[in-house]
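Visitor: There's a structure below that I have some questions on.
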Amino acid sequence: MQLVSCFLIVFSLYLGLIELPILATNEQLPRWSIETREGSRRIAASSTFRRTTAMRWKQAIRGMRTARKAADDRLRQFERSFEINEGPIKRVDICQLAANQPIEDFYSLGRCVSSRALLLAVCDGHGGSACSRYISAHLMAYVCAAVLDKHVQTEVPVDKRLEWIFSSSDAHLNQENNLSAIEARLHSFHAKFKNMDTKTVKSSLQAAFLALDEDIAQAALPDAKGRVHRARAAIAASGSCASLAHIRSRSLHVANAGDCAAVLGVESASGIVSSLQLSRPHCVENADEVARIKAAHPSSESHVLRGGRLLGELYPLRAFGDVRYKWPLELQKAVLGPLGSPPPPNLLTPPYLTAMPEVFHHKLTKSDRFLIVASDGLWEWFDADTAVRLVRDHSLGALSLQPYEPSPDLTLGEVYEQLKARSYAHLLVRRAGERKRPLDTNSATHLLRHALGGVSGGLSEQYHRLHDQLQLPDGAARSYRDDISIMVVHFDDAYLSQPDDDSSD
């Protein structure tokens, strides 16, 4: 019966015999009811907008933090810090970033057991990584084999004199199958050095550089059966610049061959830090180098320096390896020809290249704060003064973030002076805001961050520049920048403030 009733109602509606009551329109509703409804709609829309906006802001902030963390992780991937606390050396900070694939920069840090000198070297390769890797693994051993008798504190066999702290070429230290051949060449150099009339650290460093370069070339020559060792030939055919710092007591020597650079940060009595160059780049921008190269070859050879490069090809004018610019044409054809390495054009009066380093000596004083040794990949971004200022700012900023714990042997006056220095550091950080507050505990990483991110603009702008540089994969990045290797040596103020009893170099 109910089913029949429903059917009749639906059929009557279809024929129009009955009408359902019509809902009230806006015109028939009271004004207060219409306004209430519209207000509710606006409130609902506004709430939705706020929720959407808040969600988008949270996503943007989350994305920004993720991007910044990725940039920080990439910058810090190969950073290292070593507490030395021996003699004038307090700490060594290191950071490295590749542009080539594989990277052509290598660095080493070690100690000479015989003389107690700290050694650190940055090697910047070109034409491949073989030579720079080899130099970073063996140069310091040759330096230890050339210790002057007056500086020997402990008698140690020549092949045991080097105490490694770290090297980026650790995985490749034993590149040659015949390790005894490497030791034999080292012992041979040591025997020759003992018969040299060498009386200064400068001449001993030069002897070590030249001996290693000569041994690299000799190892690449064919053996008694006319066979060429391909790995040794590859080391000799590629090249490497190198800058080595030798620190013994207060005596600092920097031996440089090529376009790496070493810079000392010196603080004046008024607290101003300036840079002191301890190396010169060996390239066409160096007028003395240009004069030296031209004087070594006939004036008729106008092609020696062409397009700002040696024989129109090589940018550094001093380097290890690179036998293409040192060997005569016939020897190159016999050794390098089968390896697909052609000689450079206009090779008439070789050698055109040398590994002889230019050595600078500096006596450390209480005004010296730190030493920066870096490959040319860093110096493409800013000058020495800027680098020194950045490291000093980082040191002050890092100091302001650390709790103060005075040493128990300090006097009240010394504690007062340290607190005054910390107050000055706090003041600088407050005045400069986020720009001087360090994001990195490692000063070498701090330099790398500002090289790629810039030294101007705010933090967001710096991260934007970093993202542009760091998103490039190794290999492709070489079109925009070079490999960068940085070592920062922090000196011990307390040690350098003591009276100096050592008058030797």
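Residue numbering restarts at 1 for every chain of the structure tokens, chains are lettered A, B, ... in their displayed order, and ligands are numbered from 1 as they appear.
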Please list as a ChimeraX atom specification every residue within 9 Å of A:Pro345, counting only C-alpha atoms and excluding residues in the same chain fewer than 6 positions away.
Guide: /A:311-313
Visitor: Extract the full set of alpha helix (DSSP H) residues from stretch 129-333 of chain A according to DSSP on the backbone, and format it as a compact mmCIF listing (two decimals) with C-alpha atoms, in the first residue's frame.
Guide:
# COMPACT_ATOMS: atom_id res chain seq x y z
CA ALA A 130 99.00 11.24 -11.50
CA CYS A 131 101.82 13.71 -10.88
CA SER A 132 100.18 15.76 -8.11
CA ARG A 133 99.17 12.58 -6.32
CA TYR A 134 102.74 11.29 -6.48
CA ILE A 135 104.24 14.60 -5.34
CA SER A 136 101.94 14.80 -2.32
CA ALA A 137 102.95 11.27 -1.36
CA HIS A 138 106.73 11.65 -1.72
CA LEU A 139 107.86 15.29 -1.61
CA MET A 140 107.96 15.48 2.19
CA ALA A 141 110.08 12.31 2.38
CA TYR A 142 112.69 14.00 0.16
CA VAL A 143 112.57 17.09 2.38
CA CYS A 144 113.18 14.87 5.42
CA ALA A 145 116.12 13.27 3.62
CA LEU A 179 108.41 -0.02 -3.41
CA SER A 180 112.08 -0.83 -2.96
CA ALA A 181 112.80 1.25 -6.06
CA ILE A 182 111.25 4.31 -4.40
CA GLU A 183 113.31 3.77 -1.25
CA ALA A 184 116.44 3.22 -3.34
CA ARG A 185 115.96 6.56 -5.08
CA LEU A 186 115.38 8.25 -1.71
CA HIS A 187 118.58 6.74 -0.25
CA SER A 188 120.49 7.73 -3.39
CA PHE A 189 119.37 11.35 -3.01
CA HIS A 190 120.28 11.35 0.68
CA ALA A 191 123.81 10.13 -0.13
CA LYS A 192 124.22 12.85 -2.76
CA PHE A 193 122.86 15.48 -0.39
CA LYS A 194 125.43 14.58 2.27
CA VAL A 201 117.18 25.30 4.73
CA LYS A 202 116.47 27.19 1.52
CA SER A 203 119.09 25.29 -0.47
CA SER A 204 118.07 21.95 1.08
CA LEU A 205 114.43 22.51 0.08
CA GLN A 206 115.51 23.39 -3.45
CA ALA A 207 117.65 20.25 -3.61
CA ALA A 208 114.71 18.10 -2.47
CA PHE A 209 112.35 19.57 -5.10
CA LEU A 210 114.84 19.12 -7.94
CA ALA A 211 115.83 15.59 -6.87
CA LEU A 212 112.23 14.37 -6.76
CA ASP A 213 111.51 15.88 -10.17
CA GLU A 214 114.62 14.27 -11.63
CA ASP A 215 113.71 10.87 -10.14
CA ILE A 216 110.21 11.13 -11.65
CA ALA A 217 111.75 11.68 -15.09
CA GLN A 218 114.32 8.90 -14.67
CA ALA A 219 111.69 6.38 -13.52
CA ARG A 230 103.08 3.15 -18.24
CA ALA A 231 102.14 4.35 -14.73
CA ARG A 232 105.53 6.03 -14.23
CA ALA A 233 105.35 7.58 -17.68
CA ALA A 234 101.90 8.95 -16.87
CA ILE A 235 103.30 10.58 -13.71
CA ALA A 236 106.09 12.20 -15.70
CA ALA A 237 103.83 13.32 -18.56
CA ALA A 287 107.70 39.96 -14.76
CA ASP A 288 110.74 38.27 -13.17
CA GLU A 289 109.56 34.88 -14.39
CA VAL A 290 109.04 36.16 -17.92
CA ALA A 291 112.56 37.63 -17.91
CA ARG A 292 114.01 34.36 -16.59
CA ILE A 293 112.34 32.26 -19.27
CA LYS A 294 113.37 34.58 -22.11
CA ALA A 295 116.96 34.78 -20.89
CA LEU A 329 112.04 15.66 -29.09
CA GLU A 330 113.66 12.26 -29.84
CA LEU A 331 113.24 11.02 -26.27
CA GLN A 332 109.61 12.11 -26.20
CA LYS A 333 108.84 10.22 -29.37
Visitor: Listing only residues of stretch 430-491 of chain A within 9 Å of stretch 380-401 of chain A, what is the closest atom pair and its distance in Å (to one decimal) for each, using only C-alpha atoms, sorted by chain and residue number ascending, as JSON lines?
Guide:
{"residue": "A:Lys436", "atom": "CA", "partner": "A:Gly397", "partner_atom": "CA", "distance": 6.2}
{"residue": "A:Arg437", "atom": "CA", "partner": "A:Gly397", "partner_atom": "CA", "distance": 5.3}
{"residue": "A:Pro438", "atom": "CA", "partner": "A:Gly397", "partner_atom": "CA", "distance": 5.8}
{"residue": "A:Asp440", "atom": "CA", "partner": "A:His394", "partner_atom": "CA", "distance": 8.5}
{"residue": "A:Thr441", "atom": "CA", "partner": "A:Ala398", "partner_atom": "CA", "distance": 7.0}
{"residue": "A:Asn442", "atom": "CA", "partner": "A:His394", "partner_atom": "CA", "distance": 8.7}
{"residue": "A:Ser443", "atom": "CA", "partner": "A:Val391", "partner_atom": "CA", "distance": 6.0}
{"residue": "A:Ala444", "atom": "CA", "partner": "A:Val391", "partner_atom": "CA", "distance": 8.0}
{"residue": "A:His446", "atom": "CA", "partner": "A:His394", "partner_atom": "CA", "distance": 7.2}
{"residue": "A:Leu447", "atom": "CA", "partner": "A:Leu390", "partner_atom": "CA", "distance": 6.7}
{"residue": "A:His450", "atom": "CA", "partner": "A:Leu390", "partner_atom": "CA", "distance": 8.2}
{"residue": "A:Ala451", "atom": "CA", "partner": "A:Trp381", "partner_atom": "CA", "distance": 5.5}
{"residue": "A:Leu452", "atom": "CA", "partner": "A:Trp381", "partner_atom": "CA", "distance": 7.5}
{"residue": "A:Gly454", "atom": "CA", "partner": "A:Trp381", "partner_atom": "CA", "distance": 8.4}
{"residue": "A:Val455", "atom": "CA", "partner": "A:Thr386", "partner_atom": "CA", "distance": 8.8}
{"residue": "A:Arg481", "atom": "CA", "partner": "A:Glu380", "partner_atom": "CA", "distance": 8.3}
{"residue": "A:Asp482", "atom": "CA", "partner": "A:Glu380", "partner_atom": "CA", "distance": 8.6}
{"residue": "A:Val488", "atom": "CA", "partner": "A:Val391", "partner_atom": "CA", "distance": 8.6}
Visitor: Give me the residues within 6 Å of A:Phe491 as a list in words, counting only C-alpha atoms and dropping any in the same chain fewer than 4 places off.
Guide: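 Contacts, with the query itself left out: Pro88, Ile89, Lys90, Arg369 and Phe370 of chain A.
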Visitor: What parts of stretch 125-218 of chain A does DSSP call strand (DSSP E or B)? I'd like the answer as a list in words.
Guide: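 Answer for stretch 125-218 of chain A, restricted to strand (DSSP E or B): Gly125, His126, Leu162, Glu163, Trp164, Ile165, Phe166 and Ser167 of chain A.
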Visitor: For a quick check of understanding, using only C-alpha atoms, which of A:Asp93, A:Asp468, A:Glu86, A:Asp368 has the smallest distance to A:Met487?
Guide: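 Of all the options, A:Asp93 lies closest to A:Met487.
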Visitor: Write out as JSON, numbers by chain each polymer residue whose atoms come within 12 Å of A:Ala334, counting only C-alpha atoms; drop sequence neighbours fewer than 4 positions from it.
Guide: {"A": [220, 221, 222, 226, 227, 228, 233, 327, 328, 329, 330, 338, 339, 340, 341, 342, 343]}
Visitor: Restricting the calculation to only C-alpha atoms, which member of A:Gly127, A:Gln96, A:Ala319, A:Lys199 is positioned closest to A:Lys150?
Guide: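 Among the listed residues, the smallest separation from A:Lys150 belongs to A:Lys199.
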Visitor: From the list A:Leu364, A:Val122, A:Ile486, A:Val92, which residue is nearest A:Pro499 when using only C-alpha atoms?
Guide: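 Going through A:Leu364, A:Val122, A:Ile486, A:Val92 one by one, the smallest distance to A:Pro499 is for A:Leu364.
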Visitor: Excluding same-chain residues fewer than 3 positions from A:His464, what lies within 10 Å of it counting only C-alpha atoms, as a PyMOL selection string?
Guide: chain A and resi 67-68+71+453+459-461+467-469
Visitor: Would you work out the distance separating atom CA of A:Arg161 from atom CA of A:Phe106, expressed in Å to one decimal?
Guide: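 We find that atom CA of A:Arg161 and atom CA of A:Phe106 lie 21.2 Å from each other.
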